[in-house]
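Below is structure-v5.txt, which holds compact mmCIF, C-alpha atoms and all ligand atoms.
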```txt
# COMPACT_ATOMS: atom_id res chain seq x y z
CA MET N 1138 -72.64 -80.87 -109.91
CA GLU N 1139 -74.44 -79.85 -106.75
CA THR N 1140 -77.17 -77.23 -107.26
CA LEU N 1141 -76.30 -74.14 -105.25
CA ASP N 1142 -78.21 -71.12 -104.00
CA ILE N 1143 -76.26 -68.13 -105.24
CA CYS N 1144 -76.72 -64.46 -104.51
CA VAL N 1145 -75.21 -61.98 -106.96
CA MET N 1146 -74.87 -58.48 -105.51
CA GLY N 1147 -75.03 -55.83 -108.26
CA LEU N 1148 -76.79 -56.42 -111.60
CA GLY N 1149 -74.60 -54.35 -113.89
CA TYR N 1150 -72.34 -55.31 -116.79
CA ILE N 1151 -70.66 -58.03 -114.73
CA GLY N 1152 -73.29 -59.10 -112.20
CA LEU N 1153 -76.17 -59.61 -114.62
CA PRO N 1154 -74.31 -61.78 -117.16
CA THR N 1155 -72.72 -63.73 -114.29
CA ALA N 1156 -76.08 -64.31 -112.58
CA SER N 1157 -77.68 -65.45 -115.85
CA LEU N 1158 -74.83 -67.75 -116.71
CA LEU N 1159 -74.95 -69.41 -113.28
CA ALA N 1160 -78.72 -69.84 -113.64
CA THR N 1161 -78.32 -71.55 -117.01
CA LYS N 1162 -75.84 -73.91 -115.32
CA GLY N 1163 -78.76 -75.02 -113.13
CA HIS N 1164 -78.05 -73.04 -109.95
CA ARG N 1165 -80.81 -71.13 -108.15
CA VAL N 1166 -79.69 -67.52 -108.52
CA LEU N 1167 -80.97 -64.39 -106.85
CA GLY N 1168 -79.72 -61.16 -108.39
CA VAL N 1169 -79.74 -58.25 -105.95
CA ASP N 1170 -79.57 -54.58 -106.83
CA VAL N 1171 -80.23 -51.34 -104.95
CA ASN N 1172 -82.06 -49.94 -107.99
CA SER N 1173 -85.73 -50.97 -107.97
CA THR N 1174 -86.16 -50.21 -111.69
CA VAL N 1175 -83.33 -52.62 -112.51
CA VAL N 1176 -84.89 -55.29 -110.28
CA ALA N 1177 -88.31 -54.80 -111.94
CA THR N 1178 -86.82 -54.90 -115.45
CA ILE N 1179 -84.95 -58.14 -114.82
CA SER N 1180 -87.90 -59.71 -113.03
CA ARG N 1181 -89.85 -59.22 -116.29
CA GLY N 1182 -87.06 -60.99 -118.19
CA ASP N 1183 -85.85 -57.75 -119.80
CA ILE N 1184 -82.48 -56.04 -119.54
CA HIS N 1185 -81.32 -52.48 -118.90
CA LEU N 1186 -77.97 -52.62 -120.70
CA LYS N 1187 -76.73 -53.31 -124.19
CA GLU N 1188 -74.55 -56.37 -124.65
CA PRO N 1189 -74.76 -58.90 -127.50
CA ASP N 1190 -77.06 -61.87 -126.69
CA LEU N 1191 -77.51 -60.87 -123.04
CA ASP N 1192 -81.24 -60.29 -123.60
CA ILE N 1193 -81.74 -63.89 -124.77
CA LEU N 1194 -79.72 -65.32 -121.89
CA VAL N 1195 -81.53 -63.28 -119.22
CA ARG N 1196 -84.96 -64.07 -120.65
CA SER N 1197 -84.32 -67.80 -120.71
CA ALA N 1198 -82.80 -67.74 -117.20
CA VAL N 1199 -85.80 -65.85 -115.79
CA ASN N 1200 -88.33 -68.00 -117.70
CA SER N 1201 -86.71 -71.18 -116.41
CA GLY N 1202 -87.35 -69.94 -112.87
CA LYS N 1203 -83.66 -70.25 -111.99
CA LEU N 1204 -82.98 -66.49 -111.99
CA SER N 1205 -84.94 -63.95 -110.00
CA ALA N 1206 -84.16 -60.42 -108.86
CA SER N 1207 -84.73 -58.63 -105.59
CA LEU N 1208 -83.68 -55.64 -103.51
CA GLU N 1209 -82.78 -57.97 -100.63
CA PRO N 1210 -80.44 -60.98 -100.50
CA LYS N 1211 -81.33 -64.33 -98.99
CA ALA N 1212 -79.42 -67.12 -97.30
CA SER N 1213 -77.19 -68.75 -99.94
CA HIS N 1214 -74.22 -71.04 -100.40
CA VAL N 1215 -72.34 -68.51 -102.53
CA PHE N 1216 -72.41 -64.70 -102.55
CA ILE N 1217 -70.81 -62.87 -105.47
CA ILE N 1218 -70.16 -59.15 -105.09
CA ALA N 1219 -70.07 -57.35 -108.45
CA VAL N 1220 -70.65 -53.69 -107.58
CA PRO N 1221 -68.82 -50.62 -108.92
CA THR N 1222 -65.49 -49.49 -107.46
CA PRO N 1223 -65.07 -45.92 -108.72
CA HIS N 1224 -62.59 -43.34 -107.46
CA HIS N 1225 -63.11 -39.93 -105.85
CA ALA N 1226 -62.24 -36.69 -107.66
CA ASP N 1227 -58.73 -36.86 -106.18
CA TYR N 1228 -58.38 -40.49 -107.46
CA ARG N 1229 -58.73 -42.02 -103.99
CA PRO N 1230 -60.44 -45.39 -104.50
CA ASP N 1231 -64.06 -45.49 -103.41
CA ILE N 1232 -64.89 -48.94 -102.06
CA THR N 1233 -68.06 -47.89 -100.27
CA TYR N 1234 -70.28 -49.95 -102.62
CA VAL N 1235 -68.25 -53.07 -101.77
CA GLU N 1236 -68.46 -52.31 -98.06
CA SER N 1237 -72.16 -51.67 -98.24
CA ALA N 1238 -72.86 -54.88 -100.24
CA THR N 1239 -70.81 -56.78 -97.65
CA ARG N 1240 -72.90 -55.34 -94.81
CA THR N 1241 -76.07 -56.21 -96.72
CA ILE N 1242 -75.13 -59.89 -97.08
CA ALA N 1243 -73.72 -60.24 -93.55
CA PRO N 1244 -77.03 -61.33 -91.94
CA TYR N 1245 -77.52 -63.99 -94.63
CA ILE N 1246 -74.17 -65.79 -94.58
CA GLN N 1247 -73.74 -69.07 -92.73
CA ALA N 1248 -70.92 -71.41 -91.83
CA GLU N 1249 -69.46 -72.75 -95.12
CA SER N 1250 -70.80 -69.79 -97.14
CA LEU N 1251 -68.43 -68.69 -99.88
CA VAL N 1252 -68.19 -64.92 -100.41
CA ILE N 1253 -66.51 -63.85 -103.64
CA LEU N 1254 -65.52 -60.32 -104.56
CA GLU N 1255 -65.48 -59.90 -108.36
CA SER N 1256 -65.32 -56.09 -108.47
CA THR N 1257 -61.95 -54.68 -109.53
CA SER N 1258 -60.54 -53.53 -106.21
CA PRO N 1259 -57.55 -51.86 -104.59
CA VAL N 1260 -55.12 -54.26 -102.91
CA GLY N 1261 -56.45 -55.23 -99.48
CA THR N 1262 -60.18 -54.90 -100.26
CA THR N 1263 -60.93 -58.63 -99.98
CA GLU N 1264 -59.36 -58.62 -96.52
CA ARG N 1265 -61.59 -55.65 -95.70
CA VAL N 1266 -64.66 -57.65 -96.80
CA ALA N 1267 -63.60 -60.47 -94.48
CA GLU N 1268 -63.00 -58.01 -91.65
CA ILE N 1269 -66.51 -56.54 -91.97
CA LEU N 1270 -68.06 -60.01 -91.97
CA ARG N 1271 -66.03 -61.02 -88.93
CA GLU N 1272 -67.17 -57.92 -87.09
CA LEU N 1273 -70.84 -58.36 -87.99
CA ARG N 1274 -70.95 -62.14 -87.56
CA PRO N 1275 -68.82 -63.05 -84.52
CA ASP N 1276 -71.19 -66.03 -84.15
CA LEU N 1277 -69.56 -67.53 -87.25
CA LEU N 1278 -66.04 -67.50 -85.79
CA LYS N 1279 -64.57 -70.67 -84.35
CA ASN N 1280 -61.40 -70.26 -82.26
CA GLY N 1281 -61.19 -66.75 -83.70
CA LYS N 1282 -61.24 -68.04 -87.31
CA PRO N 1283 -64.13 -67.60 -89.73
CA THR N 1284 -66.15 -70.66 -90.65
CA PHE N 1285 -67.08 -68.92 -93.93
CA TYR N 1286 -64.77 -68.39 -96.91
CA VAL N 1287 -63.80 -65.14 -98.62
CA ALA N 1288 -61.96 -64.81 -101.94
CA HIS N 1289 -61.31 -62.45 -104.82
CA CYS N 1290 -61.84 -63.50 -108.41
CA PRO N 1291 -61.51 -60.41 -110.59
CA GLU N 1292 -63.80 -60.19 -113.58
CA ARG N 1293 -61.83 -59.95 -116.84
CA VAL N 1294 -64.53 -59.82 -119.51
CA LEU N 1295 -64.41 -57.40 -122.42
CA PRO N 1296 -67.60 -55.40 -122.95
CA GLY N 1297 -69.00 -56.49 -126.32
CA ARG N 1298 -67.74 -60.06 -125.78
CA ILE N 1299 -68.91 -60.60 -122.21
CA LEU N 1300 -70.88 -63.82 -122.64
CA TYR N 1301 -68.06 -65.57 -124.50
CA GLU N 1302 -65.28 -64.32 -122.22
CA LEU N 1303 -67.23 -65.07 -119.05
CA VAL N 1304 -67.04 -68.77 -119.84
CA GLU N 1305 -63.80 -69.03 -121.79
CA ASN N 1306 -61.37 -66.66 -120.03
CA GLN N 1307 -58.80 -68.01 -117.63
CA ARG N 1308 -59.48 -66.87 -114.07
CA ILE N 1309 -57.33 -65.85 -111.13
CA VAL N 1310 -58.69 -66.76 -107.70
CA GLY N 1311 -57.16 -65.60 -104.42
CA GLY N 1312 -58.59 -66.31 -100.99
CA ILE N 1313 -57.91 -64.62 -97.66
CA ASP N 1314 -56.59 -68.02 -96.53
CA PRO N 1315 -55.74 -71.30 -98.33
CA ILE N 1316 -59.10 -72.95 -97.62
CA SER N 1317 -60.99 -69.94 -99.06
CA THR N 1318 -58.81 -70.16 -102.19
CA GLU N 1319 -59.51 -73.87 -102.49
CA LYS N 1320 -63.29 -73.44 -102.16
CA ALA N 1321 -63.43 -70.55 -104.65
CA VAL N 1322 -61.22 -72.36 -107.18
CA ALA N 1323 -63.52 -75.39 -107.02
CA PHE N 1324 -66.55 -73.16 -107.57
CA TYR N 1325 -65.12 -71.44 -110.66
CA GLN N 1326 -63.84 -74.73 -112.06
CA SER N 1327 -67.40 -75.99 -111.96
CA VAL N 1328 -68.82 -73.06 -113.94
CA VAL N 1329 -66.18 -71.82 -116.44
CA ASN N 1330 -64.25 -73.54 -119.23
CA GLY N 1331 -61.11 -71.41 -118.84
CA GLU N 1332 -58.33 -72.61 -116.56
CA VAL N 1333 -58.53 -71.34 -112.96
CA PHE N 1334 -55.31 -70.30 -111.20
CA ALA N 1335 -54.94 -70.13 -107.43
CA THR N 1336 -53.14 -67.41 -105.50
CA ASP N 1337 -53.77 -65.18 -102.46
CA SER N 1338 -56.28 -62.32 -102.42
CA ARG N 1339 -53.73 -59.49 -102.60
CA THR N 1340 -52.00 -60.97 -105.64
CA ALA N 1341 -55.36 -61.51 -107.34
CA GLU N 1342 -56.32 -57.88 -106.68
CA MET N 1343 -53.00 -56.58 -107.98
CA CYS N 1344 -53.17 -58.91 -110.98
CA LYS N 1345 -56.37 -57.31 -112.24
CA LEU N 1346 -55.04 -53.78 -111.72
CA VAL N 1347 -51.84 -54.67 -113.54
CA GLU N 1348 -53.67 -56.19 -116.53
CA ASN N 1349 -55.59 -52.98 -117.11
CA SER N 1350 -52.56 -50.78 -116.41
CA TYR N 1351 -50.56 -52.81 -118.92
CA ARG N 1352 -53.13 -52.09 -121.60
CA ASP N 1353 -53.40 -48.43 -120.63
CA VAL N 1354 -49.61 -47.98 -120.80
CA ASN N 1355 -49.49 -49.64 -124.21
CA ILE N 1356 -52.31 -47.48 -125.58
CA ALA N 1357 -50.53 -44.42 -124.16
CA PHE N 1358 -47.48 -45.37 -126.22
CA ALA N 1359 -49.64 -45.47 -129.37
CA ASN N 1360 -51.31 -42.18 -128.44
CA GLU N 1361 -47.95 -40.51 -127.85
CA LEU N 1362 -46.81 -41.74 -131.27
CA SER N 1363 -49.89 -40.19 -132.89
CA ILE N 1364 -48.98 -36.79 -131.42
CA LEU N 1365 -45.32 -37.09 -132.47
CA CYS N 1366 -46.26 -38.26 -135.97
CA HIS N 1367 -48.58 -35.31 -136.45
CA ARG N 1368 -45.60 -33.03 -135.83
CA PHE N 1369 -43.27 -35.04 -138.01
CA GLY N 1370 -45.70 -35.29 -140.93
CA VAL N 1371 -45.80 -39.09 -140.66
CA ASN N 1372 -48.97 -41.18 -141.03
CA VAL N 1373 -49.15 -42.93 -137.66
CA ARG N 1374 -51.35 -45.83 -138.88
CA GLU N 1375 -48.94 -46.62 -141.69
CA LEU N 1376 -46.04 -46.34 -139.25
CA ILE N 1377 -47.61 -48.74 -136.73
CA ARG N 1378 -48.59 -51.21 -139.45
CA LEU N 1379 -44.97 -51.35 -140.59
CA ALA N 1380 -43.38 -51.37 -137.13
CA ASN N 1381 -45.66 -54.29 -136.22
CA LYS N 1382 -44.06 -56.34 -139.01
CA HIS N 1383 -41.18 -56.79 -136.54
CA PRO N 1384 -41.59 -60.15 -134.79
CA ARG N 1385 -41.41 -58.64 -131.30
CA VAL N 1386 -43.29 -55.37 -131.81
CA ASN N 1387 -47.06 -55.06 -131.34
CA ILE N 1388 -48.12 -51.44 -131.03
CA LEU N 1389 -51.80 -50.81 -130.26
CA SER N 1390 -54.04 -48.27 -131.99
CA PRO N 1391 -54.08 -44.58 -131.16
CA GLY N 1392 -57.49 -43.03 -130.57
CA PRO N 1393 -59.16 -39.97 -129.03
CA GLY N 1394 -58.12 -41.12 -125.53
CA VAL N 1395 -58.91 -44.07 -123.32
CA GLY N 1396 -62.36 -44.51 -121.83
CA GLY N 1397 -64.56 -46.96 -120.00
CA HIS N 1398 -64.89 -47.70 -116.34
CA CYS N 1399 -61.81 -49.95 -116.34
CA LEU N 1400 -58.66 -48.72 -118.06
CA ALA N 1401 -59.33 -45.08 -117.24
CA VAL N 1402 -59.96 -45.90 -113.58
CA ASP N 1403 -58.05 -48.94 -112.34
CA PRO N 1404 -54.48 -47.68 -112.87
CA TRP N 1405 -55.26 -44.87 -110.43
CA PHE N 1406 -55.73 -47.48 -107.66
CA ILE N 1407 -52.04 -48.32 -108.03
CA VAL N 1408 -50.93 -44.69 -108.40
CA TRP N 1409 -52.91 -43.70 -105.32
CA ALA N 1410 -51.33 -46.46 -103.25
CA ASP N 1411 -47.75 -45.49 -104.21
CA PRO N 1412 -47.57 -42.22 -106.17
CA GLU N 1413 -43.81 -41.95 -105.87
CA ASN N 1414 -43.06 -45.26 -107.55
CA ALA N 1415 -45.96 -45.66 -109.99
CA ARG N 1416 -44.39 -43.17 -112.41
CA LEU N 1417 -44.92 -44.93 -115.73
CA ILE N 1418 -48.50 -45.88 -114.89
CA ARG N 1419 -49.36 -42.32 -113.89
CA THR N 1420 -47.72 -40.82 -116.99
CA ALA N 1421 -49.65 -43.22 -119.22
CA ARG N 1422 -52.90 -42.05 -117.64
CA GLU N 1423 -51.88 -38.44 -118.20
CA VAL N 1424 -50.88 -39.06 -121.83
CA ASN N 1425 -54.18 -40.81 -122.56
CA ASP N 1426 -56.24 -38.15 -120.80
CA SER N 1427 -54.41 -35.34 -122.61
CA LYS N 1428 -55.50 -36.74 -125.96
CA VAL N 1429 -58.96 -35.16 -125.53
CA GLU N 1430 -57.60 -31.62 -125.48
CA TRP N 1431 -55.18 -32.44 -128.29
CA VAL N 1432 -58.03 -33.61 -130.53
CA CYS N 1433 -60.02 -30.45 -129.68
CA ASP N 1434 -56.99 -28.38 -130.72
CA ARG N 1435 -56.89 -30.14 -134.09
CA VAL N 1436 -60.57 -29.32 -134.60
CA ARG N 1437 -60.08 -25.68 -133.53
CA GLU N 1438 -57.18 -25.33 -135.97
CA ARG N 1439 -59.31 -26.50 -138.87
CA ALA N 1440 -62.43 -24.60 -137.76
CA ARG N 1441 -60.66 -21.25 -137.78
CA ARG N 1442 -61.33 -20.57 -141.41
CA PHE N 1443 -65.11 -20.86 -141.05
CA ARG N 1444 -67.27 -18.11 -139.67
CA ASP N 1445 -69.86 -20.56 -138.26
CA PRO N 1446 -68.39 -24.00 -138.66
CA VAL N 1447 -70.65 -27.04 -138.56
CA ILE N 1448 -68.78 -29.88 -136.89
CA ALA N 1449 -70.12 -33.45 -136.93
CA CYS N 1450 -68.81 -35.63 -134.09
CA LEU N 1451 -69.26 -39.26 -135.05
CA GLY N 1452 -69.54 -41.45 -131.96
CA LEU N 1453 -69.94 -40.65 -128.27
CA THR N 1454 -69.44 -43.98 -126.49
CA TYR N 1455 -66.15 -45.13 -125.01
CA LYS N 1456 -65.58 -47.70 -127.73
CA GLN N 1457 -67.19 -49.17 -130.82
CA ASP N 1458 -70.61 -50.80 -131.09
CA ILE N 1459 -71.64 -50.42 -127.44
CA ASP N 1460 -73.89 -47.92 -125.66
CA ASP N 1461 -71.59 -47.27 -122.69
CA LEU N 1462 -70.70 -43.59 -122.21
CA ARG N 1463 -68.69 -43.96 -119.02
CA GLU N 1464 -65.41 -41.97 -119.04
CA SER N 1465 -65.78 -41.64 -122.79
CA PRO N 1466 -63.16 -39.40 -124.42
CA ALA N 1467 -65.45 -39.02 -127.46
CA LEU N 1468 -68.19 -37.60 -125.24
CA GLU N 1469 -65.68 -35.34 -123.50
CA ILE N 1470 -64.44 -33.98 -126.84
CA THR N 1471 -68.00 -33.38 -128.05
CA ARG N 1472 -68.84 -31.59 -124.79
CA LYS N 1473 -65.81 -29.33 -125.07
CA LEU N 1474 -66.54 -28.49 -128.70
CA ARG N 1475 -70.18 -27.79 -127.90
CA ALA N 1476 -69.08 -25.40 -125.15
CA GLU N 1477 -67.22 -23.43 -127.84
CA PHE N 1478 -69.25 -23.92 -131.00
CA ALA N 1479 -72.67 -24.51 -129.40
CA ASP N 1480 -75.23 -25.91 -131.85
CA GLY N 1481 -72.62 -25.87 -134.61
CA VAL N 1482 -71.64 -29.24 -133.17
CA LEU N 1483 -73.80 -32.17 -134.32
CA ALA N 1484 -73.43 -35.37 -132.33
CA VAL N 1485 -74.14 -38.72 -133.98
CA GLU N 1486 -74.44 -41.83 -131.82
CA PRO N 1487 -76.41 -44.75 -133.31
CA ASN N 1488 -76.11 -46.87 -130.14
CA VAL N 1489 -77.77 -44.39 -127.79
CA LYS N 1490 -81.51 -43.78 -128.16
CA GLU N 1491 -82.05 -40.94 -125.74
CA PHE N 1492 -79.45 -38.55 -124.46
CA ALA N 1493 -80.55 -35.95 -121.95
CA GLU N 1494 -77.55 -33.61 -122.17
CA PHE N 1495 -77.95 -32.52 -125.79
CA GLY N 1496 -79.77 -33.56 -128.94
CA LEU N 1497 -78.42 -36.24 -131.27
CA THR N 1498 -78.41 -35.93 -135.05
CA ASP N 1499 -78.82 -38.79 -137.50
CA LEU N 1500 -75.81 -39.70 -139.60
CA ALA N 1501 -77.21 -38.63 -142.98
CA THR N 1502 -78.19 -35.14 -141.76
CA ALA N 1503 -74.87 -34.64 -140.00
CA LEU N 1504 -72.86 -35.65 -143.07
CA GLN N 1505 -74.90 -33.40 -145.27
CA LYS N 1506 -74.56 -30.32 -143.04
CA ALA N 1507 -71.01 -30.67 -141.73
CA ASP N 1508 -67.97 -28.64 -142.79
CA ILE N 1509 -65.79 -30.73 -140.50
CA ILE N 1510 -66.30 -34.42 -139.73
CA VAL N 1511 -64.59 -35.73 -136.61
CA GLY N 1512 -64.37 -39.53 -136.47
CA LEU N 1513 -64.35 -40.43 -132.77
CA VAL N 1514 -65.60 -44.01 -132.41
CA PRO N 1515 -65.33 -46.68 -135.14
CA HIS N 1516 -68.95 -47.91 -134.94
CA ARG N 1517 -69.94 -50.27 -137.74
CA GLU N 1518 -72.26 -47.63 -139.24
CA PHE N 1519 -69.28 -45.32 -139.68
CA ILE N 1520 -66.54 -47.63 -140.91
CA ARG N 1521 -68.63 -48.82 -143.83
CA LEU N 1522 -69.33 -45.25 -144.98
CA ASP N 1523 -68.77 -44.69 -148.68
CA PRO N 1524 -65.74 -42.31 -148.95
CA GLU N 1525 -67.80 -40.33 -151.50
CA ARG N 1526 -69.94 -39.09 -148.60
CA LEU N 1527 -66.90 -37.55 -146.91
CA LYS N 1528 -65.74 -35.84 -150.08
CA ASP N 1529 -65.27 -32.04 -149.93
CA ARG N 1530 -65.35 -32.09 -146.14
CA ILE N 1531 -62.53 -31.64 -143.68
CA VAL N 1532 -62.11 -35.03 -142.03
CA ILE N 1533 -60.35 -35.47 -138.69
CA ASP N 1534 -60.09 -39.19 -138.11
CA THR N 1535 -58.93 -39.82 -134.53
CA CYS N 1536 -59.03 -43.60 -134.68
CA GLY N 1537 -58.37 -44.59 -138.29
CA MET N 1538 -62.01 -45.44 -138.95
CA PHE N 1539 -62.50 -44.10 -142.47
CA LYS N 1540 -61.26 -45.86 -145.59
N1 LIG N 1601 -58.34 -48.41 -127.00
C1 LIG N 1601 -57.48 -47.69 -127.80
N2 LIG N 1601 -56.57 -48.35 -128.56
C2 LIG N 1601 -56.49 -49.71 -128.59
C3 LIG N 1601 -57.36 -50.45 -127.77
C4 LIG N 1601 -58.29 -49.78 -126.98
O1 LIG N 1601 -57.50 -46.44 -127.82
O2 LIG N 1601 -55.67 -50.22 -129.33
C5 LIG N 1601 -59.32 -47.71 -126.14
C6 LIG N 1601 -60.78 -48.02 -126.46
O3 LIG N 1601 -61.24 -47.24 -127.52
C7 LIG N 1601 -61.44 -47.69 -125.14
C8 LIG N 1601 -60.38 -48.09 -124.11
O4 LIG N 1601 -59.16 -48.19 -124.82
O5 LIG N 1601 -61.67 -46.30 -125.01
C9 LIG N 1601 -60.64 -49.39 -123.40
O6 LIG N 1601 -61.13 -50.37 -124.31
P1 LIG N 1601 -60.69 -51.90 -124.27
O7 LIG N 1601 -61.48 -52.58 -125.30
O8 LIG N 1601 -59.21 -52.02 -124.39
O9 LIG N 1601 -61.01 -52.41 -122.81
P2 LIG N 1601 -62.31 -52.32 -121.85
O10 LIG N 1601 -62.13 -51.14 -120.96
O11 LIG N 1601 -63.58 -52.40 -122.62
O12 LIG N 1601 -62.10 -53.67 -121.03
C10 LIG N 1601 -60.91 -53.83 -120.25
C11 LIG N 1601 -60.32 -55.22 -120.57
N3 LIG N 1601 -58.98 -55.31 -120.01
C12 LIG N 1601 -57.92 -55.65 -120.77
O13 LIG N 1601 -57.99 -55.87 -121.97
C13 LIG N 1601 -56.62 -55.78 -120.06
C14 LIG N 1601 -61.23 -56.31 -120.02
O14 LIG N 1601 -60.62 -57.59 -120.18
C15 LIG N 1601 -61.52 -56.06 -118.53
O15 LIG N 1601 -62.37 -57.04 -117.99
C16 LIG N 1601 -62.19 -54.73 -118.41
O16 LIG N 1601 -61.27 -53.73 -118.88
C17 LIG N 1601 -62.55 -54.49 -116.96
O17 LIG N 1601 -63.73 -54.65 -116.62
O18 LIG N 1601 -61.66 -54.21 -116.14
```

Kindly return the structure encoded in the file as structure tokens.
Ligand code: SAJ
Amino acid sequence: METLDICVMGLGYIGLPTASLLATKGHRVLGVDVNSTVVATISRGDIHLKEPDLDILVRSAVNSGKLSASLEPKASHVFIIAVPTPHHADYRPDITYVESATRTIAPYIQAESLVILESTSPVGTTERVAEILRELRPDLLKNGKPTFYVAHCPERVLPGRILYELVENQRIVGGIDPISTEKAVAFYQSVVNGEVFATDSRTAEMCKLVENSYRDVNIAFANELSILCHRFGVNVRELIRLANKHPRVNILSPGPGVGGHCLAVDPWFIVWADPENARLIRTAREVNDSKVEWVCDRVRERARRFRDPVIACLGLTYKQDIDDLRESPALEITRKLRAEFADGVLAVEPNVKEFAEFGLTDLATALQKADIIVGLVPHREFIRLDPERLKDRIVIDTCGMFK
């Protein structure tokens, strides 16, 4: 395989593992980020995020001299854009980071450069990337057509399993034109084990949004069941376990809501683009978001009989065994309860060392002091708790984490 110069724009949960992986495949990789602390950390061979085995991979990539980090890109064969695509308060997609990364690489692209957008993006964003590059680099157009290639290849890795999934997952690649698709497919085929499927850029964009919406809708179904079962006096976990014995039923697990920067965000890109027709997707979002207030109501109900209740919230992150707090329903619930019960709320989060917003309590102290224990995130420290330690406490288990 030819050794390539590759620039990865954005050194977050997707960009950093991707850059390191490409470096270990022998390519010369420059990771670019706007945050100078991130650049300094990675240049030392350290990392700024928590993901299993990422520290080892980054260290060996940096030590081998194949991975370096910088605030500025350089001329490369391949540019991978892996920057955040959040939404505004009114759910309008915010693609300014993608646009700005595109402008930053524009001076460094050449004829034959391959520009790949990996960020989850609203339909049409890859075409927008191409449009910006065309505008900024008219010198690279031949008979009005770009001599560079632009494609979308949405990242699909699951936080907690990123390094495995980065290599093994099947990938969807869609170019702005057939030659871009062909070039990007060949690139991914050379670096991943999973099968690579070719399509156009709009289908690839929609495909990613649909995958996450599919999961969000299915979790919403489970969350709705948990609310119904509470009213009907039915144990929802037992119900789902039994319903899933049917050969064509596979209900997911209810929880305190849906968090993370993906499932809680991406479906809105579809809803924003066609609010009238994206009815199911929007309702699923609303059902999942409403779970936060519903859990708080359950806590309030049980707290009523105490004069000064002590409530232990176990877990703050958006899912188990990670340190990511983005869009976390557990954090949202803890915040709301703290607004009402102030320091009567003890927050336990073994995966987060420092938390500026409020103090964290260690598990043993919280269990000892609490009248009410709210299980929010099934971290490994919590699921192996001896049931004896929960005895004589009110336990509200939002995600079926206690034995
Ligand atoms: N959750 C439930 N019940 C379940 C499963 C999950 O309540 O049965 C909750 C989790 O607790 C968490 C949220 O859903 O709050 C999302 O967790 P997740 O593990 O389902 O997914 P993410 O957000 O970590 O990663 C998703 C993945 N997408 C799909 O599975 C379709 C991943 O493959 C994507 O790459 C990622 O989004 C992304 O970056 O878009």

Neighbour list for Pro1315 (chain N) as a list in words, cut-off 12 Å, only C-alpha atoms, skip fewer than 2 positions in-chain = Tyr1286, Val1287, Ala1288, Val1310, Gly1311, Gly1312, Ile1313, Ser1317, Thr1318, Glu1319, Lys1320, Ala1321, Val1322, Ala1335, Thr1336, Asp1337 and Ser1338 of chain N

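Of the listed residues (N:Val1511, N:Glu1491, N:Pro1230, N:Ile1309), N:Pro1230 comes nearest to Pro1404 (chain N); the distances count only C-alpha atoms.
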
Near His1164 (chain N), counting all atoms listed in the file, which residues have an atom at most 10 Å away, once you skip same-chain residues fewer than 3 positions from it, shown as a CSV table (one decimal) with C-alpha atoms, keeping the file's coordinate frame?
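See selection_8.csv below for the written result:
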```
chain,number,residue,atom,x,y,z
N,1138,MET,CA,-72.6,-80.9,-109.9
N,1139,GLU,CA,-74.4,-79.8,-106.8
N,1140,THR,CA,-77.2,-77.2,-107.3
N,1141,LEU,CA,-76.3,-74.1,-105.2
N,1142,ASP,CA,-78.2,-71.1,-104.0
N,1143,ILE,CA,-76.3,-68.1,-105.2
N,1156,ALA,CA,-76.1,-64.3,-112.6
N,1157,SER,CA,-77.7,-65.4,-115.8
N,1158,LEU,CA,-74.8,-67.8,-116.7
N,1159,LEU,CA,-75.0,-69.4,-113.3
N,1160,ALA,CA,-78.7,-69.8,-113.6
N,1161,THR,CA,-78.3,-71.6,-117.0
N,1167,LEU,CA,-81.0,-64.4,-106.8
N,1203,LYS,CA,-83.7,-70.2,-112.0
N,1204,LEU,CA,-83.0,-66.5,-112.0
```

Excluding Arg1339 (chain N) and residues on its chain fewer than 3 positions from it, collect all residues at most 9 Å away from it, counting only C-alpha atoms, and give them as a PDB file with C-alpha atoms, keeping the file's coordinate frame.
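Saved to around.pdb:
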```
ATOM      1  CA  PRO N1259     -57.550 -51.860-104.590  1.00  0.00           C
ATOM      2  CA  VAL N1260     -55.120 -54.260-102.910  1.00  0.00           C
ATOM      3  CA  GLY N1261     -56.450 -55.230 -99.480  1.00  0.00           C
ATOM      4  CA  THR N1262     -60.180 -54.900-100.260  1.00  0.00           C
ATOM      5  CA  THR N1263     -60.930 -58.630 -99.980  1.00  0.00           C
ATOM      6  CA  GLU N1264     -59.360 -58.620 -96.520  1.00  0.00           C
ATOM      7  CA  HIS N1289     -61.310 -62.450-104.820  1.00  0.00           C
ATOM      8  CA  GLY N1311     -57.160 -65.600-104.420  1.00  0.00           C
ATOM      9  CA  GLY N1312     -58.590 -66.310-100.990  1.00  0.00           C
ATOM     10  CA  ILE N1313     -57.910 -64.620 -97.660  1.00  0.00           C
ATOM     11  CA  THR N1336     -53.140 -67.410-105.500  1.00  0.00           C
ATOM     12  CA  GLU N1342     -56.320 -57.880-106.680  1.00  0.00           C
ATOM     13  CA  MET N1343     -53.000 -56.580-107.980  1.00  0.00           C
ATOM     14  CA  CYS N1344     -53.170 -58.910-110.980  1.00  0.00           C
TER      15      CYS N1344
END
```

Adding 5 Å on each side of the box along x, y and z that holds all listed atoms of region 1432-1436 of chain N, could you give its centre and edge lengths in Å to one decimal, as AutoDock Vina command-line options?
```
--center_x -58.7 --center_y -31.0 --center_z -132.1 --size_x 13.7 --size_y 15.2 --size_z 14.9
```

For Glu1486 (chain N), the closest of N:Thr1471, N:Asn1381, N:Ser1237, N:Ser1201 counting all atoms listed in the file is N:Thr1471
